[in-house]
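Q: The following file, coords_14.cif, comprises mmCIF, C-alpha atoms:
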data_my_file
#
loop_
_atom_site.label_atom_id
_atom_site.label_comp_id
_atom_site.auth_asym_id
_atom_site.auth_seq_id
_atom_site.Cartn_x
_atom_site.Cartn_y
_atom_site.Cartn_z
CA GLY A 1 139.58 99.68 48.11
CA GLU A 2 136.88 102.35 47.86
CA ASP A 3 139.16 104.52 45.72
CA VAL A 4 139.55 101.82 43.10
CA GLU A 5 136.47 100.31 41.48
CA GLN A 6 136.11 97.22 39.32
CA SER A 7 133.26 95.16 37.96
CA LEU A 8 132.86 92.04 40.09
CA PHE A 9 132.44 89.25 37.55
CA LEU A 10 133.42 88.39 33.99
CA SER A 11 132.62 85.20 32.11
CA VAL A 12 134.49 84.52 28.90
CA ARG A 13 134.73 81.67 26.43
CA GLU A 14 138.06 79.90 26.06
CA GLY A 15 140.02 81.40 23.19
CA ASP A 16 138.20 84.74 23.30
CA SER A 17 139.70 87.97 24.64
CA SER A 18 138.92 89.15 28.17
CA VAL A 19 138.76 92.81 29.08
CA ILE A 20 138.76 93.83 32.74
CA ASN A 21 138.06 97.46 33.57
CA CYS A 22 139.01 99.59 36.53
CA THR A 23 138.58 103.20 37.59
CA TYR A 24 140.76 104.93 40.14
CA THR A 25 140.70 108.28 41.87
CA ASP A 26 144.25 109.33 42.70
CA SER A 27 145.66 111.25 39.75
CA SER A 28 149.06 111.41 41.44
CA SER A 29 149.53 107.64 41.28
CA THR A 30 152.88 106.92 39.68
CA TYR A 31 152.18 103.31 38.82
CA LEU A 32 149.03 101.30 38.28
CA TYR A 33 149.04 97.56 38.65
CA TRP A 34 147.23 94.37 37.81
CA TYR A 35 147.50 91.43 40.20
CA LYS A 36 146.15 87.90 39.79
CA GLN A 37 144.96 85.72 42.67
CA GLU A 38 144.24 82.05 42.21
CA PRO A 39 142.25 80.10 44.82
CA GLY A 40 144.19 79.63 48.04
CA ALA A 41 147.16 81.59 46.80
CA GLY A 42 148.63 85.00 47.37
CA LEU A 43 148.64 87.79 44.83
CA GLN A 44 150.88 87.59 41.79
CA LEU A 45 151.94 90.77 40.03
CA LEU A 46 150.90 90.41 36.39
CA THR A 47 151.94 93.72 34.99
CA TYR A 48 152.12 97.40 35.78
CA ILE A 49 152.11 100.62 33.82
CA PHE A 50 153.84 103.88 34.52
CA SER A 51 151.44 106.79 34.65
CA ASN A 52 153.01 108.61 31.69
CA MET A 53 152.29 105.68 29.38
CA ASP A 54 149.08 104.99 27.45
CA MET A 55 149.65 101.36 26.68
CA LYS A 56 151.84 98.46 27.65
CA GLN A 57 151.91 95.06 26.02
CA ASP A 58 153.40 91.94 27.54
CA GLN A 59 152.76 88.72 25.60
CA ARG A 60 149.01 88.04 25.90
CA LEU A 61 148.44 91.00 28.21
CA THR A 62 147.68 94.55 27.09
CA VAL A 63 147.20 97.36 29.56
CA LEU A 64 145.49 100.57 28.48
CA LEU A 65 145.57 103.71 30.59
CA ASN A 66 143.32 106.72 30.12
CA LYS A 67 144.59 109.29 32.59
CA LYS A 68 141.95 111.86 31.71
CA ASP A 69 139.15 109.48 32.69
CA LYS A 70 141.24 107.67 35.34
CA HIS A 71 140.42 104.40 33.60
CA LEU A 72 142.65 101.34 33.42
CA SER A 73 141.96 98.15 31.53
CA LEU A 74 143.58 94.76 31.16
CA ARG A 75 143.05 92.74 28.02
CA ILE A 76 143.96 89.06 27.98
CA ALA A 77 144.20 87.65 24.48
CA ASP A 78 143.33 84.01 23.75
CA THR A 79 141.98 83.42 27.25
CA GLN A 80 142.79 79.99 28.66
CA THR A 81 141.28 77.98 31.52
CA GLY A 82 144.38 78.78 33.57
CA ASP A 83 143.40 82.44 33.41
CA SER A 84 140.42 81.77 35.68
CA ALA A 85 141.19 83.78 38.81
CA ILE A 86 140.45 87.03 40.60
CA TYR A 87 142.14 90.06 39.06
CA PHE A 88 142.89 93.11 41.17
CA CYS A 89 143.57 96.58 39.94
CA ALA A 90 145.72 98.70 42.28
CA GLU A 91 147.01 102.25 42.41
CA ASN A 92 149.75 103.70 44.54
CA ASP A 93 149.51 107.00 46.36
CA TYR A 94 151.93 106.35 49.20
CA LYS A 95 150.77 102.74 49.48
CA LEU A 96 149.04 100.20 47.30
CA SER A 97 145.24 100.56 47.21
CA PHE A 98 143.40 97.63 45.70
CA GLY A 99 140.02 97.30 44.09
CA ALA A 100 137.64 94.56 45.22
CA GLY A 101 138.69 92.29 42.37
CA THR A 102 137.06 90.91 39.23
CA THR A 103 136.38 87.18 39.21
CA VAL A 104 137.09 85.86 35.74
CA THR A 105 135.54 82.52 34.80
CA VAL A 106 136.69 80.87 31.60
CA ARG A 107 134.17 78.46 30.10
CA ALA A 108 134.93 75.82 27.51
CA GLU B 1 164.77 81.75 45.07
CA ALA B 2 162.33 80.88 47.86
CA GLY B 3 159.21 82.98 48.06
CA VAL B 4 157.50 84.60 51.02
CA ALA B 5 156.62 81.98 53.62
CA GLN B 6 153.70 82.23 56.00
CA SER B 7 152.37 79.99 58.74
CA PRO B 8 149.98 78.68 59.70
CA ARG B 9 147.95 78.45 56.49
CA TYR B 10 144.68 78.11 58.35
CA LYS B 11 143.54 78.98 61.86
CA ILE B 12 140.18 78.70 63.56
CA ILE B 13 139.70 80.35 66.93
CA GLU B 14 136.85 81.54 69.11
CA LYS B 15 136.19 85.21 69.65
CA ARG B 16 138.19 86.78 72.47
CA GLN B 17 141.03 84.30 71.94
CA SER B 18 144.49 85.32 70.77
CA VAL B 19 146.28 84.34 67.58
CA ALA B 20 149.65 84.95 65.98
CA PHE B 21 150.81 84.71 62.39
CA TRP B 22 154.35 84.36 61.18
CA CYS B 23 156.01 85.61 57.99
CA ASN B 24 159.44 85.01 56.52
CA PRO B 25 160.13 87.39 53.61
CA ILE B 26 162.33 86.81 50.61
CA SER B 27 165.99 86.92 51.60
CA GLY B 28 167.42 90.41 51.34
CA HIS B 29 164.08 92.20 51.17
CA ALA B 30 164.14 95.17 53.51
CA THR B 31 160.47 96.07 53.32
CA LEU B 32 157.73 93.86 54.74
CA TYR B 33 153.98 94.39 54.58
CA TRP B 34 150.99 92.84 56.33
CA TYR B 35 147.63 93.02 54.56
CA GLN B 36 144.14 92.00 55.63
CA GLN B 37 141.90 90.62 52.91
CA ILE B 38 138.26 90.22 53.89
CA LEU B 39 136.21 87.91 51.70
CA GLY B 40 135.06 89.70 48.56
CA GLN B 41 137.40 92.64 49.04
CA GLY B 42 140.89 93.60 47.96
CA PRO B 43 143.81 93.51 50.38
CA LYS B 44 144.10 96.40 52.82
CA LEU B 45 147.49 97.40 54.20
CA LEU B 46 147.74 96.99 57.96
CA ILE B 47 151.41 97.75 58.57
CA GLN B 48 154.62 98.31 56.65
CA PHE B 49 158.13 97.75 58.02
CA GLN B 50 161.41 99.02 56.64
CA ASN B 51 164.00 96.70 58.20
CA ASN B 52 162.86 96.59 61.84
CA GLY B 53 161.20 100.01 61.88
CA VAL B 54 157.53 100.79 61.28
CA VAL B 55 156.92 102.98 58.22
CA ASP B 56 153.12 103.00 58.22
CA ASP B 57 150.68 101.50 60.70
CA SER B 58 147.86 103.98 60.18
CA GLN B 59 145.35 101.25 59.32
CA LEU B 60 146.32 98.87 62.11
CA PRO B 61 143.66 98.56 64.87
CA LYS B 62 146.16 99.09 67.63
CA ASP B 63 143.78 98.25 70.43
CA ARG B 64 143.90 94.60 69.42
CA PHE B 65 146.49 94.15 66.65
CA SER B 66 150.26 94.27 67.08
CA ALA B 67 153.17 93.41 64.84
CA GLU B 68 156.89 93.23 65.19
CA ARG B 69 159.96 92.59 63.10
CA LEU B 70 162.63 92.58 65.75
CA LYS B 71 165.68 91.54 63.73
CA GLY B 72 164.54 93.03 60.45
CA VAL B 73 163.82 89.65 58.90
CA ASP B 74 160.87 87.54 60.15
CA SER B 75 157.72 89.20 61.36
CA THR B 76 154.78 88.23 63.54
CA LEU B 77 151.29 89.71 63.54
CA LYS B 78 149.17 89.19 66.64
CA ILE B 79 145.50 89.70 67.38
CA GLN B 80 144.40 89.86 71.00
CA PRO B 81 141.49 89.51 71.60
CA ALA B 82 140.00 88.43 68.27
CA LYS B 83 136.58 89.57 67.08
CA LEU B 84 134.25 87.97 64.54
CA GLU B 85 135.04 90.73 62.04
CA ASP B 86 138.73 89.75 62.08
CA SER B 87 137.88 86.69 59.96
CA ALA B 88 139.96 87.23 56.84
CA VAL B 89 143.06 86.14 54.98
CA TYR B 90 146.21 87.80 56.31
CA LEU B 91 148.76 88.29 53.59
CA CYS B 92 152.42 89.06 54.05
CA ALA B 93 154.44 90.64 51.25
CA SER B 94 157.98 91.87 50.85
CA SER B 95 159.98 94.06 48.50
CA LEU B 96 163.64 94.96 48.15
CA HIS B 97 163.07 98.40 49.62
CA ARG B 98 160.39 101.04 49.89
CA ASP B 99 161.04 102.59 46.51
CA THR B 100 160.41 99.31 44.75
CA HIS B 101 157.02 98.79 46.31
CA HIS B 102 155.61 97.91 42.93
CA GLU B 103 157.69 94.75 43.08
CA GLN B 104 155.92 93.31 46.07
CA TYR B 105 155.96 89.55 46.38
CA PHE B 106 153.10 87.98 48.30
CA GLY B 107 152.96 84.91 50.46
CA PRO B 108 150.06 82.42 50.28
CA GLY B 109 148.33 83.96 53.29
CA THR B 110 146.86 82.72 56.55
CA ARG B 111 143.11 82.19 56.53
CA LEU B 112 141.68 83.11 59.93
CA THR B 113 138.17 82.11 60.97
CA VAL B 114 136.83 83.56 64.21
CA THR B 115 133.74 81.79 65.57
#
Here is the file; what I need is its structure written in the form of C-alpha cells.
A:
Amino acid sequence: GEDVEQSLFLSVREGDSSVINCTYTDSSSTYLYWYKQEPGAGLQLLTYIFSNMDMKQDQRLTVLLNKKDKHLSLRIADTQTGDSAIYFCAENDYKLSFGAGTTVTVRA
Amino acid sequence: EAGVAQSPRYKIIEKRQSVAFWCNPISGHATLYWYQQILGQGPKLLIQFQNNGVVDDSQLPKDRFSAERLKGVDSTLKIQPAKLEDSAVYLCASSLHRDTHHEQYFGPGTRLTVT
C-alpha cells in the first residue's frame, strides 16, 4: 500500500457529488482500479481504467486519470446513503497494490 | 453464479496456536489469491496460485504461513504458530486466469483475532 496513497476520510451530504483522490507511483501500471468495501464484506470492483485513457464514465461513476501527475480520481454523482463504504484505489505492476482506503460517510 | 466462499467468517485464537482458513473460488477460475488486510490498511497479497502451482509467494511469511491448492480448486491458508500481529482479515479472491487479474472477485473474508 505504500506506493498508492489516498486521503483517509470523506464526508459528503446525500445528493452531492463525492470526489475521492489517489496518487500512485508505478508509471508502468496498465490498469488502475477502484474497489468498494462495505462493512463485513469483501472488495467489490467498481470500475477500472486503462492507462492510455484520460476518463471513463459508468453511470454515476466518473474516473479521471492524469498520467503525468500519477493522479487518479473517482467521482460519484448524486451520492446516496448506500455509497457509504471504504473505497480503495489500486494499481497493477505485476500484482495489485492497494491504497489504505478512503472511508466515505454520507450524511442526510 | 456462486461467489467466492470462505470459512470460517470469524476466528479467535491465542498466540502460538494454529489456525487454518478455507477458500472455494468461483467455478472455473484458474487463479486464486490470498490477501491479508490489517485494520486501516488495504489488502496485501500473500500468495497467488495458477491452478495448483504457486505464481507468487514473495510476501508470504514462510516461517509461519503456508498455503496449498492441491487439486487446483479449493485452497487452505495456515498459520502456525500465530502471533499478535497476524490479527487481520484474510481475503480470498479468484479470477479466470492470470491475464484477467483485473477481474478479481473477492470473498467476504475471515476475520482473525489473535489474543
Q: Would you mind listing, as a JSON list (two decimals) with C-alpha atoms, in the frame of the given file, all residues of chain B that have at least one atom within 8 Å of chain A, where all atoms listed in the file are what counts?
A:
[["chain", "number", "residue", "atom", "x", "y", "z"],
["B", 40, "GLY", "CA", 135.06, 89.70, 48.56],
["B", 41, "GLN", "CA", 137.40, 92.64, 49.04],
["B", 42, "GLY", "CA", 140.89, 93.60, 47.96],
["B", 43, "PRO", "CA", 143.81, 93.51, 50.38],
["B", 44, "LYS", "CA", 144.10, 96.40, 52.82],
["B", 45, "LEU", "CA", 147.49, 97.40, 54.20],
["B", 91, "LEU", "CA", 148.76, 88.29, 53.59],
["B", 102, "HIS", "CA", 155.61, 97.91, 42.93],
["B", 103, "GLU", "CA", 157.69, 94.75, 43.08],
["B", 104, "GLN", "CA", 155.92, 93.31, 46.07],
["B", 105, "TYR", "CA", 155.96, 89.55, 46.38],
["B", 106, "PHE", "CA", 153.10, 87.98, 48.30],
["B", 107, "GLY", "CA", 152.96, 84.91, 50.46],
["B", 108, "PRO", "CA", 150.06, 82.42, 50.28],
["B", 109, "GLY", "CA", 148.33, 83.96, 53.29]]
Q: Identify which of the residues A:Val19, A:Ala85, A:Leu64, A:Leu46 lies closest to Thr105 (chain A), counting all atoms listed in the file when measuring atom-to-atom distances.
A: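 Of A:Val19, A:Ala85, A:Leu64, A:Leu46, the one nearest Thr105 (chain A) is A:Ala85, counting all atoms listed in the file.
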Q: Can you list, as a list in words, the residues that the PyMOL selection byres ((chain B and resi 18) around 9) selects here?
A: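 For this structure, the PyMOL selection byres ((chain B and resi 18) around 9) captures Ile13, Glu14, Lys15, Arg16, Gln17, Val19, Ala20, Lys78, Ile79, Gln80, Pro81 and Ala82 of chain B.
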Q: Could you list as an MDAnalysis selection string every residue that has an atom within 9 Å of (167.2, 91.2, 55.7), using the file's coordinates and counting all atoms listed in the file?
A: chainID B and resid 25:31 51 71:74
Q: Would you write out, as a ChimeraX atom specification, every residue that the PyMOL selection byres ((chain A and resi 65-70) around 6) captures in this file?
A: /A:23-24,54,64,71-72
Q: Name the residues that the PyMOL selection byres ((chain A and resi 26) around 8) pulls out of this structure, and write them as a PyMOL selection string.
A: chain A and resi 3+24-25+27-29+91+93
Q: Using only C-alpha atoms, please write the residues we just selected to a file, as an mmCIF file, in the frame of the given file.
A:
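Output contents, as saved in selection.cif:
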data_model
loop_
_atom_site.group_PDB
_atom_site.id
_atom_site.type_symbol
_atom_site.label_atom_id
_atom_site.label_comp_id
_atom_site.auth_asym_id
_atom_site.auth_seq_id
_atom_site.Cartn_x
_atom_site.Cartn_y
_atom_site.Cartn_z
ATOM 1 C CA ASP A 3 139.160 104.520 45.720
ATOM 2 C CA TYR A 24 140.760 104.930 40.140
ATOM 3 C CA THR A 25 140.700 108.280 41.870
ATOM 4 C CA SER A 27 145.660 111.250 39.750
ATOM 5 C CA SER A 28 149.060 111.410 41.440
ATOM 6 C CA SER A 29 149.530 107.640 41.280
ATOM 7 C CA GLU A 91 147.010 102.250 42.410
ATOM 8 C CA ASP A 93 149.510 107.000 46.360
#
Q: Compute the distance from (137.7, 79.6, 63.7) to each atom, counting all atoms listed in the file, keep the residues with any atom at most 7 Å away, and return them as a list in words; use the coordinates of the file.
A: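 Returned residue set, sorted by chain then number, is Lys11, Ile12, Ile13, Glu14, Leu112, Thr113, Val114 and Thr115 of chain B.
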Q: Any idea what the distance is between CA of Thr62 (chain A) and CA of Arg75 (chain A)?
A: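 Pair CA of Thr62 (chain A) / CA of Arg75 (chain A) returns 5.1 Å.
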Q: List as number ranges by chain the protein and nucleic acid residues near Asp56 (chain B), meaning an atom at most 9 Å away when all atoms listed in the file are counted, but skip any in the same chain fewer than 2 places from it.
A: B: 45-49, 54, 58-60
Q: Please report the interatomic distance between CA of Ser18 (chain A) and CA of Ile76 (chain A) in Å with one decimal.
A: 5.0 Å
Q: Considering all atoms listed in the file, can you say which of B:Asn52, B:Ser75, B:Ser95, B:Gln36 comes closest to Trp22 (chain B)?
A: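 Checking each of B:Asn52, B:Ser75, B:Ser95, B:Gln36 against Trp22 (chain B), counting all atoms listed in the file, the winner is B:Ser75.
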Q: CA of Ser94 (chain B) to CA of Phe50 (chain A): how many Å, to one decimal?
A: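 Distance between the two atoms: 20.7 Å.
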Q: Which residue out of B:Val55, B:Leu39, B:Leu32, B:Ala67 has the minimum interatomic distance to Cys92 (chain B) when all atoms listed in the file are used?
A: B:Leu32
Q: Would you mind telling me which residue in B:Leu96, B:Ile38, B:Leu84, B:Leu77 lies nearest to Ser7 (chain B) when using all atoms listed in the file?
A: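 Residue with the minimum atom-to-atom distance to Ser7 (chain B): B:Leu77.
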Q: My list of candidates is B:Thr110, B:Asp63, B:Trp34, B:Phe21. Which is closest to Ala88 (chain B) when distances are computed with all atoms listed in the file?
A: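 Closest to Ala88 (chain B) of all the choices is B:Thr110.
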Q: Which is closest to Ala2 (chain B) among B:Val89, B:His97, B:Gln50, B:Asn24, if we use all atoms listed in the file?
A: B:Asn24
Q: Could you rebuild region 42-53 of chain A with all heavy atoms and give it back as a PDB file, in the frame of the given file?
A:
ATOM      1  N   GLY A  42     148.441  83.574  47.209  1.00  0.00           N
ATOM      2  CA  GLY A  42     148.630  85.000  47.370  1.00  0.00           C
ATOM      3  C   GLY A  42     148.495  85.717  46.046  1.00  0.00           C
ATOM      4  O   GLY A  42     148.133  85.116  45.030  1.00  0.00           O
ATOM      5  N   LEU A  43     148.772  86.993  46.049  1.00  0.00           N
ATOM      6  CA  LEU A  43     148.640  87.790  44.830  1.00  0.00           C
ATOM      7  C   LEU A  43     149.927  87.712  44.011  1.00  0.00           C
ATOM      8  O   LEU A  43     151.031  87.755  44.550  1.00  0.00           O
ATOM      9  CB  LEU A  43     148.359  89.252  45.170  1.00  0.00           C
ATOM     10  CG  LEU A  43     146.909  89.613  45.412  1.00  0.00           C
ATOM     11  CD1 LEU A  43     146.407  89.020  46.703  1.00  0.00           C
ATOM     12  CD2 LEU A  43     146.728  91.120  45.405  1.00  0.00           C
ATOM     13  N   GLN A  44     149.750  87.641  42.715  1.00  0.00           N
ATOM     14  CA  GLN A  44     150.880  87.590  41.790  1.00  0.00           C
ATOM     15  C   GLN A  44     150.826  88.831  40.914  1.00  0.00           C
ATOM     16  O   GLN A  44     149.791  89.101  40.286  1.00  0.00           O
ATOM     17  CB  GLN A  44     150.772  86.329  40.935  1.00  0.00           C
ATOM     18  CG  GLN A  44     151.779  86.240  39.802  1.00  0.00           C
ATOM     19  CD  GLN A  44     151.376  85.188  38.785  1.00  0.00           C
ATOM     20  OE1 GLN A  44     150.377  84.496  38.943  1.00  0.00           O
ATOM     21  NE2 GLN A  44     152.160  85.061  37.730  1.00  0.00           N
ATOM     22  N   LEU A  45     151.903  89.599  40.894  1.00  0.00           N
ATOM     23  CA  LEU A  45     151.940  90.770  40.030  1.00  0.00           C
ATOM     24  C   LEU A  45     151.973  90.325  38.570  1.00  0.00           C
ATOM     25  O   LEU A  45     152.881  89.617  38.146  1.00  0.00           O
ATOM     26  CB  LEU A  45     153.166  91.627  40.340  1.00  0.00           C
ATOM     27  CG  LEU A  45     153.351  92.869  39.479  1.00  0.00           C
ATOM     28  CD1 LEU A  45     152.195  93.844  39.658  1.00  0.00           C
ATOM     29  CD2 LEU A  45     154.687  93.548  39.800  1.00  0.00           C
ATOM     30  N   LEU A  46     150.964  90.757  37.815  1.00  0.00           N
ATOM     31  CA  LEU A  46     150.900  90.410  36.390  1.00  0.00           C
ATOM     32  C   LEU A  46     151.662  91.413  35.555  1.00  0.00           C
ATOM     33  O   LEU A  46     152.475  91.054  34.706  1.00  0.00           O
ATOM     34  CB  LEU A  46     149.447  90.392  35.918  1.00  0.00           C
ATOM     35  CG  LEU A  46     148.615  89.159  36.151  1.00  0.00           C
ATOM     36  CD1 LEU A  46     147.227  89.374  35.572  1.00  0.00           C
ATOM     37  CD2 LEU A  46     149.269  87.927  35.552  1.00  0.00           C
ATOM     38  N   THR A  47     151.326  92.668  35.765  1.00  0.00           N
ATOM     39  CA  THR A  47     151.940  93.720  34.990  1.00  0.00           C
ATOM     40  C   THR A  47     151.656  95.049  35.667  1.00  0.00           C
ATOM     41  O   THR A  47     150.786  95.142  36.535  1.00  0.00           O
ATOM     42  CB  THR A  47     151.404  93.728  33.539  1.00  0.00           C
ATOM     43  OG1 THR A  47     152.132  94.682  32.758  1.00  0.00           O
ATOM     44  CG2 THR A  47     149.919  94.067  33.494  1.00  0.00           C
ATOM     45  N   TYR A  48     152.396  96.059  35.279  1.00  0.00           N
ATOM     46  CA  TYR A  48     152.120  97.400  35.780  1.00  0.00           C
ATOM     47  C   TYR A  48     152.432  98.395  34.680  1.00  0.00           C
ATOM     48  O   TYR A  48     153.129  98.087  33.709  1.00  0.00           O
ATOM     49  CB  TYR A  48     152.923  97.708  37.041  1.00  0.00           C
ATOM     50  CG  TYR A  48     154.423  97.693  36.861  1.00  0.00           C
ATOM     51  CD1 TYR A  48     155.119  98.859  36.556  1.00  0.00           C
ATOM     52  CD2 TYR A  48     155.149  96.520  37.024  1.00  0.00           C
ATOM     53  CE1 TYR A  48     156.490  98.853  36.403  1.00  0.00           C
ATOM     54  CE2 TYR A  48     156.519  96.499  36.871  1.00  0.00           C
ATOM     55  CZ  TYR A  48     157.193  97.675  36.568  1.00  0.00           C
ATOM     56  OH  TYR A  48     158.555  97.652  36.411  1.00  0.00           O
ATOM     57  N   ILE A  49     151.889  99.585  34.813  1.00  0.00           N
ATOM     58  CA  ILE A  49     152.110 100.620  33.820  1.00  0.00           C
ATOM     59  C   ILE A  49     152.479 101.904  34.523  1.00  0.00           C
ATOM     60  O   ILE A  49     151.906 102.244  35.567  1.00  0.00           O
ATOM     61  CB  ILE A  49     150.867 100.779  32.917  1.00  0.00           C
ATOM     62  CG1 ILE A  49     151.162 101.728  31.753  1.00  0.00           C
ATOM     63  CG2 ILE A  49     149.656 101.256  33.712  1.00  0.00           C
ATOM     64  CD1 ILE A  49     150.089 101.674  30.654  1.00  0.00           C
ATOM     65  N   PHE A  50     153.436 102.585  33.991  1.00  0.00           N
ATOM     66  CA  PHE A  50     153.840 103.880  34.520  1.00  0.00           C
ATOM     67  C   PHE A  50     152.823 104.901  34.070  1.00  0.00           C
ATOM     68  O   PHE A  50     152.298 104.836  32.949  1.00  0.00           O
ATOM     69  CB  PHE A  50     155.247 104.199  34.006  1.00  0.00           C
ATOM     70  CG  PHE A  50     155.901 105.380  34.655  1.00  0.00           C
ATOM     71  CD1 PHE A  50     155.982 105.479  36.038  1.00  0.00           C
ATOM     72  CD2 PHE A  50     156.442 106.396  33.894  1.00  0.00           C
ATOM     73  CE1 PHE A  50     156.596 106.558  36.636  1.00  0.00           C
ATOM     74  CE2 PHE A  50     157.053 107.485  34.491  1.00  0.00           C
ATOM     75  CZ  PHE A  50     157.127 107.570  35.850  1.00  0.00           C
ATOM     76  N   SER A  51     152.563 105.883  34.891  1.00  0.00           N
ATOM     77  CA  SER A  51     151.440 106.790  34.650  1.00  0.00           C
ATOM     78  C   SER A  51     151.619 107.688  33.416  1.00  0.00           C
ATOM     79  O   SER A  51     150.651 108.299  32.965  1.00  0.00           O
ATOM     80  CB  SER A  51     151.198 107.657  35.880  1.00  0.00           C
ATOM     81  OG  SER A  51     152.363 108.393  36.198  1.00  0.00           O
ATOM     82  N   ASN A  52     152.834 107.776  32.884  1.00  0.00           N
ATOM     83  CA  ASN A  52     153.010 108.610  31.690  1.00  0.00           C
ATOM     84  C   ASN A  52     152.903 107.799  30.394  1.00  0.00           C
ATOM     85  O   ASN A  52     153.181 108.299  29.314  1.00  0.00           O
ATOM     86  CB  ASN A  52     154.339 109.367  31.734  1.00  0.00           C
ATOM     87  CG  ASN A  52     155.530 108.445  31.586  1.00  0.00           C
ATOM     88  OD1 ASN A  52     155.377 107.225  31.581  1.00  0.00           O
ATOM     89  ND2 ASN A  52     156.717 109.019  31.465  1.00  0.00           N
ATOM     90  N   MET A  53     152.473 106.542  30.536  1.00  0.00           N
ATOM     91  CA  MET A  53     152.290 105.680  29.380  1.00  0.00           C
ATOM     92  C   MET A  53     150.795 105.520  29.091  1.00  0.00           C
ATOM     93  O   MET A  53     149.962 105.639  29.995  1.00  0.00           O
ATOM     94  CB  MET A  53     152.904 104.304  29.635  1.00  0.00           C
ATOM     95  CG  MET A  53     154.399 104.332  29.846  1.00  0.00           C
ATOM     96  SD  MET A  53     155.034 102.732  30.407  1.00  0.00           S
ATOM     97  CE  MET A  53     154.678 101.692  29.001  1.00  0.00           C
TER      98      MET A  53
END
